[in-house]
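The next block holds one structure in the form of structure tokens; read it before the comments.
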Amino acid sequence: MRHATIIGTGSYLPDNILTNDDMAKLVETSDEWIASRTGIKERRISKGEKTSDLAYEAARKALQNAKLDAKDLDLIICATITPDSFMPSVSCIVQERLGASKAAAFDLTAACTGLIYAMATASAFIESGMYQNILVIGAETLSKTLDWTDRSTCVLFGDGAGALVITASEQKKGIISVNLLSDGSKQEYLCLSAIPLSNPFVIKEDGIFQPTISMKGQEVFKFAVRSITDHIKTVLLKAAITAEDIKYIVTHQANYRIIEHAAKSSGIPLEKFFMNLDRYGNTSAATIGIALDEMVQKDMLQTGDRIILVGFGGGMTSGAILVEWN
Ligand code: COA
């Protein structure tokens, strides 16, 4: 059986750093409040680079690390809720810039679980025998979707991109088990509107419509802790191994306290949970790719290491992937 294995990672973050003290100049908040409630100390905010620019840079680095020519890519999937435009997709823009002339390309929306959904999709394409080499990207410029006067949301998010090159292997390595879920009954927990319906049959709303993220923070918190705990259990069960066999858990980077609670409720030492949210905040579909690339740069992952990637986000969506590192 063919397996999908990760052969390269890349990430890209805008240079512009916005610290919690900088935030306190924009809204009534403090470094103490943000750091103690979330663990976030600073985030990157684009000064003009679009989602496709961040995605391209992360993708270029991932291909370099994988030592793969863009012309050998069969498919590009970009997970994003902040595309430059509805069409062309971010993936098509990146496909052209990379010169990936053979590749099909599409964007995928599963909010902060986007990279997990994209990896699962890539894995299925590879296991079916349809494709050999797939570029998966999570890229966001959430800064354009924030209400910068709402302190309960604007302090949480940042911009960034992470990318992975996934390829077919005959060895039983790489993506070992996958679990995806969605629960539309909780859709009001996290919302970001698109263009409202307006046509000759619908009365137009007055004014310019600027969609922004709204959130039921405490509900999302509980959903996140439950999702991480349940998904870890399920992917371990599917792979027929235990938490002791896992070196690291890389969850979506939203809040230190969410991860702390999830570690406690799953009985797994907090030290196994990788975290970099203090520096980047929540970059939605990008967090797990950025984290993985940072772990590779720091030489934290060796051949045979088993790790679990877990995402949760708007929709509500959630999912996990158990990976044996190549
Ligand atoms: N600075 C200072 N005070 C703030 C603040 C900020 N940035 N944001 C909110 N507050 C205030 C509130 O106005 C409220 O004040 P009040 O008691 O006078 O009404 C108080 O702090 C408590 O607000 P609350 O919303 O109950 O705080 P909380 O303990 O639930 O923490 C979050 C808020 C957002 C940090 C927390 O709910 C959370 O992390 N949820 C998950 C969010 C998330 O991860 N979303 C993305 C998922 S993909």
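Identifiers in this document derive from the order of the structure tokens: chains are assigned A, B, ..., residues are numbered from 1 separately in each chain, and ligands are numbered from 1 in order of occurrence.
Identified as lying at most 6 Å from ligand 1 when counting only C-alpha atoms and all ligand atoms are the residues A:Thr29, A:Ser30, A:Trp33, A:Ile34, A:Arg37, A:Thr38, A:Cys112, A:Arg151, A:Ser152, A:Val155, A:Gly217, A:Gln218, A:Val220, A:Phe221, A:Ala254, A:Asn255, A:Phe312, A:Gly313.
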**Request:** Taking the chain letters and numbering used in this document, name the residues of stretch 34-134 of chain A that DSSP puts in alpha helix (DSSP H), as a PyMOL selection string.
**Result:** chain A and resi 34-38+51-66+90-98+114-127
Serialized selection, C-alpha atoms, as a CSV table (one decimal), in the first residue's frame:
chain,number,residue,atom,x,y,z
A,34,ILE,CA,-3.2,38.9,27.1
A,35,ALA,CA,-0.2,36.8,28.3
A,36,SER,CA,-2.0,35.4,31.4
A,37,ARG,CA,-5.2,34.5,29.5
A,38,THR,CA,-3.6,33.2,26.3
A,51,THR,CA,-2.0,35.7,1.7
A,52,SER,CA,-0.6,34.5,-1.7
A,53,ASP,CA,2.7,36.2,-1.0
A,54,LEU,CA,3.1,34.5,2.4
A,55,ALA,CA,1.9,31.2,0.9
A,56,TYR,CA,4.4,31.4,-2.0
A,57,GLU,CA,7.4,32.1,0.4
A,58,ALA,CA,6.5,29.2,2.6
A,59,ALA,CA,5.9,26.9,-0.4
A,60,ARG,CA,9.3,27.9,-2.0
A,61,LYS,CA,11.1,27.0,1.2
A,62,ALA,CA,9.2,23.6,1.6
A,63,LEU,CA,10.2,22.6,-2.0
A,64,GLN,CA,13.8,23.6,-1.3
A,65,ASN,CA,13.9,21.5,1.8
A,66,ALA,CA,12.2,18.6,0.0
A,90,VAL,CA,-4.4,31.3,-3.6
A,91,SER,CA,-3.3,27.9,-4.9
A,92,CYS,CA,-3.6,29.0,-8.5
A,93,ILE,CA,-1.6,32.2,-7.8
A,94,VAL,CA,1.1,30.1,-6.1
A,95,GLN,CA,1.1,27.5,-8.8
A,96,GLU,CA,1.9,30.2,-11.4
A,97,ARG,CA,4.6,31.8,-9.3
A,98,LEU,CA,6.3,28.5,-8.5
A,114,GLY,CA,-7.6,23.7,7.4
A,115,LEU,CA,-4.1,22.3,7.3
A,116,ILE,CA,-5.2,19.0,8.9
A,117,TYR,CA,-8.1,18.7,6.3
A,118,ALA,CA,-5.6,19.5,3.5
A,119,MET,CA,-3.1,16.9,4.7
A,120,ALA,CA,-5.9,14.3,5.0
A,121,THR,CA,-7.0,15.2,1.4
A,122,ALA,CA,-3.4,14.9,0.1
A,123,SER,CA,-3.0,11.6,1.9
A,124,ALA,CA,-6.1,10.2,0.3
A,125,PHE,CA,-5.0,11.4,-3.2
A,126,ILE,CA,-1.7,9.7,-2.7
A,127,GLU,CA,-3.0,6.4,-1.2
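Reported to one decimal place, the separation of atom CA of A:Ser284 from atom CA of A:Gly158 is 8.2 Å.
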Stretch 2-227 of chain A: residues DSSP assigns to strand (DSSP E), reported as an mmCIF file with N, CA, C and O atoms, in the first residue's frame:
data_model
loop_
_atom_site.group_PDB
_atom_site.id
_atom_site.type_symbol
_atom_site.label_atom_id
_atom_site.label_comp_id
_atom_site.auth_asym_id
_atom_site.auth_seq_id
_atom_site.Cartn_x
_atom_site.Cartn_y
_atom_site.Cartn_z
ATOM 1 N N HIS A 3 1.880 5.004 0.979
ATOM 2 C CA HIS A 3 1.666 5.899 2.119
ATOM 3 C C HIS A 3 2.078 7.312 1.756
ATOM 4 O O HIS A 3 2.945 7.520 0.893
ATOM 5 N N ALA A 4 1.471 8.274 2.451
ATOM 6 C CA ALA A 4 1.804 9.678 2.215
ATOM 7 C C ALA A 4 2.806 10.107 3.273
ATOM 8 O O ALA A 4 2.542 10.007 4.469
ATOM 9 N N THR A 5 3.963 10.583 2.833
ATOM 10 C CA THR A 5 5.000 10.941 3.788
ATOM 11 C C THR A 5 5.487 12.373 3.561
ATOM 12 O O THR A 5 5.533 12.842 2.421
ATOM 13 N N ILE A 6 5.835 13.034 4.667
ATOM 14 C CA ILE A 6 6.257 14.452 4.583
ATOM 15 C C ILE A 6 7.750 14.492 4.273
ATOM 16 O O ILE A 6 8.555 13.923 5.009
ATOM 17 N N ILE A 7 8.125 15.171 3.187
ATOM 18 C CA ILE A 7 9.556 15.226 2.836
ATOM 19 C C ILE A 7 10.136 16.645 2.878
ATOM 20 O O ILE A 7 11.319 16.834 2.617
ATOM 21 N N GLY A 8 9.323 17.621 3.208
ATOM 22 C CA GLY A 8 9.866 18.990 3.293
ATOM 23 C C GLY A 8 8.880 19.923 3.980
ATOM 24 O O GLY A 8 7.664 19.754 3.849
ATOM 25 N N THR A 9 9.413 20.869 4.741
ATOM 26 C CA THR A 9 8.562 21.866 5.402
ATOM 27 C C THR A 9 9.100 23.267 5.121
ATOM 28 O O THR A 9 10.285 23.435 4.856
ATOM 29 N N GLY A 10 8.234 24.255 5.194
ATOM 30 C CA GLY A 10 8.660 25.650 5.031
ATOM 31 C C GLY A 10 7.682 26.558 5.748
ATOM 32 O O GLY A 10 6.523 26.188 5.986
ATOM 33 N N SER A 11 8.141 27.732 6.131
ATOM 34 C CA SER A 11 7.224 28.686 6.753
ATOM 35 C C SER A 11 7.657 30.103 6.417
ATOM 36 O O SER A 11 8.800 30.335 6.012
ATOM 37 N N TYR A 12 6.746 31.019 6.574
ATOM 38 C CA TYR A 12 7.069 32.422 6.316
ATOM 39 C C TYR A 12 6.178 33.299 7.178
ATOM 40 O O TYR A 12 4.972 33.079 7.277
ATOM 41 N N ILE A 17 6.464 43.031 13.749
ATOM 42 C CA ILE A 17 6.073 42.439 15.038
ATOM 43 C C ILE A 17 5.191 43.419 15.807
ATOM 44 O O ILE A 17 5.557 44.579 15.972
ATOM 45 N N LEU A 18 4.040 42.918 16.275
ATOM 46 C CA LEU A 18 3.147 43.738 17.107
ATOM 47 C C LEU A 18 3.117 43.087 18.494
ATOM 48 O O LEU A 18 2.568 41.993 18.666
ATOM 49 N N THR A 19 3.739 43.732 19.470
ATOM 50 C CA THR A 19 3.794 43.160 20.826
ATOM 51 C C THR A 19 2.491 43.454 21.561
ATOM 52 O O THR A 19 1.679 44.277 21.117
ATOM 53 N N GLU A 42 3.402 38.258 21.371
ATOM 54 C CA GLU A 42 3.469 39.096 20.164
ATOM 55 C C GLU A 42 2.951 38.319 18.966
ATOM 56 O O GLU A 42 2.774 37.099 19.038
ATOM 57 N N ARG A 43 2.679 39.028 17.883
ATOM 58 C CA ARG A 43 2.199 38.398 16.657
ATOM 59 C C ARG A 43 2.770 39.194 15.491
ATOM 60 O O ARG A 43 3.225 40.333 15.657
ATOM 61 N N ARG A 44 2.747 38.575 14.281
ATOM 62 C CA ARG A 44 3.220 39.265 13.071
ATOM 63 C C ARG A 44 2.015 39.787 12.296
ATOM 64 O O ARG A 44 1.030 39.068 12.105
ATOM 65 N N LEU A 75 -0.172 18.379 -7.453
ATOM 66 C CA LEU A 75 -1.327 19.062 -6.854
ATOM 67 C C LEU A 75 -0.857 20.068 -5.809
ATOM 68 O O LEU A 75 0.114 19.809 -5.079
ATOM 69 N N ILE A 76 -1.544 21.209 -5.754
ATOM 70 C CA ILE A 76 -1.309 22.194 -4.690
ATOM 71 C C ILE A 76 -2.650 22.444 -3.993
ATOM 72 O O ILE A 76 -3.647 22.748 -4.651
ATOM 73 N N ILE A 77 -2.649 22.291 -2.653
ATOM 74 C CA ILE A 77 -3.863 22.600 -1.875
ATOM 75 C C ILE A 77 -3.485 23.684 -0.881
ATOM 76 O O ILE A 77 -2.548 23.503 -0.093
ATOM 77 N N CYS A 78 -4.201 24.792 -0.910
ATOM 78 C CA CYS A 78 -3.954 25.831 0.085
ATOM 79 C C CYS A 78 -5.180 25.943 1.002
ATOM 80 O O CYS A 78 -6.293 26.180 0.539
ATOM 81 N N ALA A 79 -4.947 25.735 2.292
ATOM 82 C CA ALA A 79 -5.999 25.933 3.287
ATOM 83 C C ALA A 79 -5.957 27.384 3.732
ATOM 84 O O ALA A 79 -4.923 27.855 4.200
ATOM 85 N N ALA A 104 -2.415 20.513 -10.558
ATOM 86 C CA ALA A 104 -3.775 21.014 -10.311
ATOM 87 C C ALA A 104 -3.705 21.830 -9.027
ATOM 88 O O ALA A 104 -2.777 21.652 -8.233
ATOM 89 N N ALA A 105 -4.662 22.736 -8.819
ATOM 90 C CA ALA A 105 -4.574 23.580 -7.625
ATOM 91 C C ALA A 105 -5.959 23.994 -7.162
ATOM 92 O O ALA A 105 -6.804 24.361 -7.980
ATOM 93 N N PHE A 106 -6.178 23.894 -5.857
ATOM 94 C CA PHE A 106 -7.437 24.414 -5.297
ATOM 95 C C PHE A 106 -7.246 24.843 -3.849
ATOM 96 O O PHE A 106 -6.325 24.372 -3.182
ATOM 97 N N ASP A 107 -8.120 25.743 -3.390
ATOM 98 C CA ASP A 107 -8.124 26.161 -1.985
ATOM 99 C C ASP A 107 -9.146 25.331 -1.216
ATOM 100 O O ASP A 107 -10.113 24.818 -1.802
ATOM 101 N N LEU A 108 -8.927 25.244 0.065
ATOM 102 C CA LEU A 108 -9.804 24.449 0.929
ATOM 103 C C LEU A 108 -10.105 25.275 2.187
ATOM 104 O O LEU A 108 -9.216 25.949 2.703
ATOM 105 N N ASN A 133 3.222 13.680 -5.884
ATOM 106 C CA ASN A 133 3.805 14.789 -5.102
ATOM 107 C C ASN A 133 2.784 15.917 -4.903
ATOM 108 O O ASN A 133 2.291 16.489 -5.874
ATOM 109 N N ILE A 134 2.517 16.237 -3.633
ATOM 110 C CA ILE A 134 1.503 17.252 -3.337
ATOM 111 C C ILE A 134 2.079 18.312 -2.388
ATOM 112 O O ILE A 134 2.760 17.982 -1.417
ATOM 113 N N LEU A 135 1.810 19.570 -2.732
ATOM 114 C CA LEU A 135 2.204 20.686 -1.871
ATOM 115 C C LEU A 135 0.970 21.125 -1.083
ATOM 116 O O LEU A 135 -0.066 21.434 -1.677
ATOM 117 N N VAL A 136 1.101 21.108 0.244
ATOM 118 C CA VAL A 136 -0.001 21.525 1.114
ATOM 119 C C VAL A 136 0.424 22.797 1.838
ATOM 120 O O VAL A 136 1.510 22.851 2.418
ATOM 121 N N ILE A 137 -0.437 23.809 1.794
ATOM 122 C CA ILE A 137 -0.092 25.098 2.410
ATOM 123 C C ILE A 137 -1.226 25.523 3.349
ATOM 124 O O ILE A 137 -2.399 25.294 3.055
ATOM 125 N N GLY A 138 -0.863 26.135 4.457
ATOM 126 C CA GLY A 138 -1.836 26.848 5.305
ATOM 127 C C GLY A 138 -1.369 28.287 5.349
ATOM 128 O O GLY A 138 -0.248 28.552 5.793
ATOM 129 N N ALA A 139 -2.169 29.221 4.876
ATOM 130 C CA ALA A 139 -1.706 30.615 4.795
ATOM 131 C C ALA A 139 -2.849 31.570 5.131
ATOM 132 O O ALA A 139 -3.981 31.371 4.681
ATOM 133 N N GLU A 140 -2.537 32.583 5.930
ATOM 134 C CA GLU A 140 -3.596 33.508 6.351
ATOM 135 C C GLU A 140 -3.067 34.925 6.545
ATOM 136 O O GLU A 140 -1.943 35.114 7.037
ATOM 137 N N THR A 141 -3.916 35.895 6.204
ATOM 138 C CA THR A 141 -3.730 37.275 6.667
ATOM 139 C C THR A 141 -5.001 37.631 7.453
ATOM 140 O O THR A 141 -5.865 38.359 6.970
ATOM 141 N N ASP A 159 -0.705 36.952 11.315
ATOM 142 C CA ASP A 159 -0.563 36.546 9.910
ATOM 143 C C ASP A 159 0.632 35.599 9.753
ATOM 144 O O ASP A 159 1.634 35.742 10.467
ATOM 145 N N GLY A 160 0.546 34.685 8.780
ATOM 146 C CA GLY A 160 1.683 33.771 8.555
ATOM 147 C C GLY A 160 1.312 32.645 7.605
ATOM 148 O O GLY A 160 0.144 32.520 7.199
ATOM 149 N N ALA A 161 2.303 31.830 7.268
ATOM 150 C CA ALA A 161 2.067 30.681 6.375
ATOM 151 C C ALA A 161 3.021 29.544 6.697
ATOM 152 O O ALA A 161 4.174 29.766 7.083
ATOM 153 N N GLY A 162 2.517 28.325 6.535
ATOM 154 C CA GLY A 162 3.341 27.119 6.685
ATOM 155 C C GLY A 162 3.045 26.197 5.521
ATOM 156 O O GLY A 162 1.914 26.207 5.006
ATOM 157 N N ALA A 163 4.045 25.430 5.089
ATOM 158 C CA ALA A 163 3.824 24.537 3.931
ATOM 159 C C ALA A 163 4.532 23.206 4.136
ATOM 160 O O ALA A 163 5.547 23.126 4.830
ATOM 161 N N LEU A 164 3.984 22.173 3.495
ATOM 162 C CA LEU A 164 4.561 20.826 3.575
ATOM 163 C C LEU A 164 4.562 20.223 2.180
ATOM 164 O O LEU A 164 3.612 20.406 1.429
ATOM 165 N N VAL A 165 5.632 19.482 1.859
ATOM 166 C CA VAL A 165 5.618 18.678 0.627
ATOM 167 C C VAL A 165 5.369 17.241 1.052
ATOM 168 O O VAL A 165 6.068 16.706 1.918
ATOM 169 N N ILE A 166 4.343 16.650 0.461
ATOM 170 C CA ILE A 166 3.942 15.280 0.814
ATOM 171 C C ILE A 166 4.076 14.412 -0.427
ATOM 172 O O ILE A 166 3.652 14.806 -1.518
ATOM 173 N N THR A 167 4.702 13.239 -0.250
ATOM 174 C CA THR A 167 4.957 12.392 -1.419
ATOM 175 C C THR A 167 4.588 10.938 -1.135
ATOM 176 O O THR A 167 4.420 10.551 0.022
ATOM 177 N N ALA A 168 4.484 10.145 -2.177
ATOM 178 C CA ALA A 168 4.121 8.732 -2.025
ATOM 179 C C ALA A 168 5.333 7.908 -1.634
ATOM 180 O O ALA A 168 6.433 8.129 -2.135
ATOM 181 N N SER A 169 5.104 6.957 -0.718
ATOM 182 C CA SER A 169 6.189 6.065 -0.297
ATOM 183 C C SER A 169 5.626 4.656 -0.153
ATOM 184 O O SER A 169 4.466 4.483 0.221
ATOM 185 N N GLY A 174 5.063 8.081 7.560
ATOM 186 C CA GLY A 174 4.308 9.275 7.186
ATOM 187 C C GLY A 174 2.965 9.293 7.873
ATOM 188 O O GLY A 174 2.866 9.023 9.062
ATOM 189 N N ILE A 175 1.914 9.576 7.103
ATOM 190 C CA ILE A 175 0.582 9.721 7.698
ATOM 191 C C ILE A 175 0.022 8.325 8.008
ATOM 192 O O ILE A 175 -0.275 7.543 7.106
ATOM 193 N N ILE A 176 -0.096 8.033 9.309
ATOM 194 C CA ILE A 176 -0.480 6.689 9.758
ATOM 195 C C ILE A 176 -1.976 6.610 10.044
ATOM 196 O O ILE A 176 -2.642 5.664 9.656
ATOM 197 N N SER A 177 -2.500 7.604 10.774
ATOM 198 C CA SER A 177 -3.951 7.597 11.004
ATOM 199 C C SER A 177 -4.512 9.014 11.022
ATOM 200 O O SER A 177 -3.817 9.963 11.362
ATOM 201 N N VAL A 178 -5.766 9.108 10.601
ATOM 202 C CA VAL A 178 -6.423 10.405 10.400
ATOM 203 C C VAL A 178 -7.816 10.369 11.041
ATOM 204 O O VAL A 178 -8.491 9.347 10.971
ATOM 205 N N ASN A 179 -8.229 11.463 11.635
ATOM 206 C CA ASN A 179 -9.605 11.564 12.136
ATOM 207 C C ASN A 179 -10.110 12.996 11.921
ATOM 208 O O ASN A 179 -9.493 13.947 12.387
ATOM 209 N N LEU A 180 -11.194 13.132 11.168
ATOM 210 C CA LEU A 180 -11.765 14.461 10.901
ATOM 211 C C LEU A 180 -13.211 14.514 11.395
ATOM 212 O O LEU A 180 -13.947 13.536 11.252
ATOM 213 N N LEU A 181 -13.605 15.664 11.938
ATOM 214 C CA LEU A 181 -15.000 15.848 12.369
ATOM 215 C C LEU A 181 -15.455 17.260 12.056
ATOM 216 O O LEU A 181 -14.619 18.171 11.946
ATOM 217 N N SER A 182 -16.774 17.436 11.921
ATOM 218 C CA SER A 182 -17.298 18.796 11.880
ATOM 219 C C SER A 182 -18.642 18.804 12.596
ATOM 220 O O SER A 182 -19.306 17.774 12.693
ATOM 221 N N LEU A 190 -17.854 30.673 16.089
ATOM 222 C CA LEU A 190 -16.794 31.427 15.401
ATOM 223 C C LEU A 190 -17.297 31.780 14.013
ATOM 224 O O LEU A 190 -17.589 30.878 13.227
ATOM 225 N N CYS A 191 -17.402 33.064 13.714
ATOM 226 C CA CYS A 191 -17.975 33.455 12.418
ATOM 227 C C CYS A 191 -17.154 34.516 11.714
ATOM 228 O O CYS A 191 -16.541 35.379 12.358
ATOM 229 N N SER A 214 -16.138 37.168 14.606
ATOM 230 C CA SER A 214 -16.819 37.256 15.901
ATOM 231 C C SER A 214 -16.715 35.888 16.569
ATOM 232 O O SER A 214 -16.587 34.857 15.888
ATOM 233 N N MET A 215 -16.769 35.887 17.893
ATOM 234 C CA MET A 215 -16.429 34.637 18.586
ATOM 235 C C MET A 215 -17.113 34.539 19.948
ATOM 236 O O MET A 215 -17.250 35.528 20.649
#
**Exercise: A:Gln302 partners within 9 Å, only C-alpha atoms, chain neighbours under 3 positions left out, as an NGL selection string** = :A and (296 or 299 or 305 or 325-326)
Selection file, C-alpha atoms, as a PDB file, in the first residue's frame:
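out-v3.pdb, freshly written:
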ATOM      1  CA  VAL A 296      12.494  20.711  11.761  1.00  0.00           C
ATOM      2  CA  ASP A 299      16.311  19.400  14.658  1.00  0.00           C
ATOM      3  CA  ASP A 305       9.504   9.689  15.761  1.00  0.00           C
ATOM      4  CA  TRP A 325       8.477  11.082  10.770  1.00  0.00           C
ATOM      5  CA  ASN A 326      10.463  10.148   7.690  1.00  0.00           C
TER       6      ASN A 326
END
**Prompt:** Could you name the residues that touch A:Lys264 at 12 Å or less, counting only C-alpha atoms, but leaving out those on the same chain fewer than 6 positions away, as a PyMOL selection string?
**Reply:** chain A and resi 225-226+228-229+257-258+270-273
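Each of A:Met300, A:Gly48, A:Ala291, A:Leu237 was compared to A:Leu277 using only C-alpha atoms, and A:Ala291 turns out to be the nearest.
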**Message:** Ranking A:Asp72, A:Ala110, A:His261, A:Ile307 by minimum distance to A:Met295 and counting only C-alpha atoms, which one comes first?
**Reply:**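 That would be A:Ile307, the residue with the smallest distance to A:Met295.
Here atom CA of A:Thr82 and atom CA of A:Ala320 stand 22.3 Å from one another.
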**Message:** For a test of reading the model, state the distance in Å between atom CA of A:Tyr131 and atom CA of A:Gly311, rounded to one decimal.
**Reply:**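 Distance reported for this atom pair: 24.8 Å.
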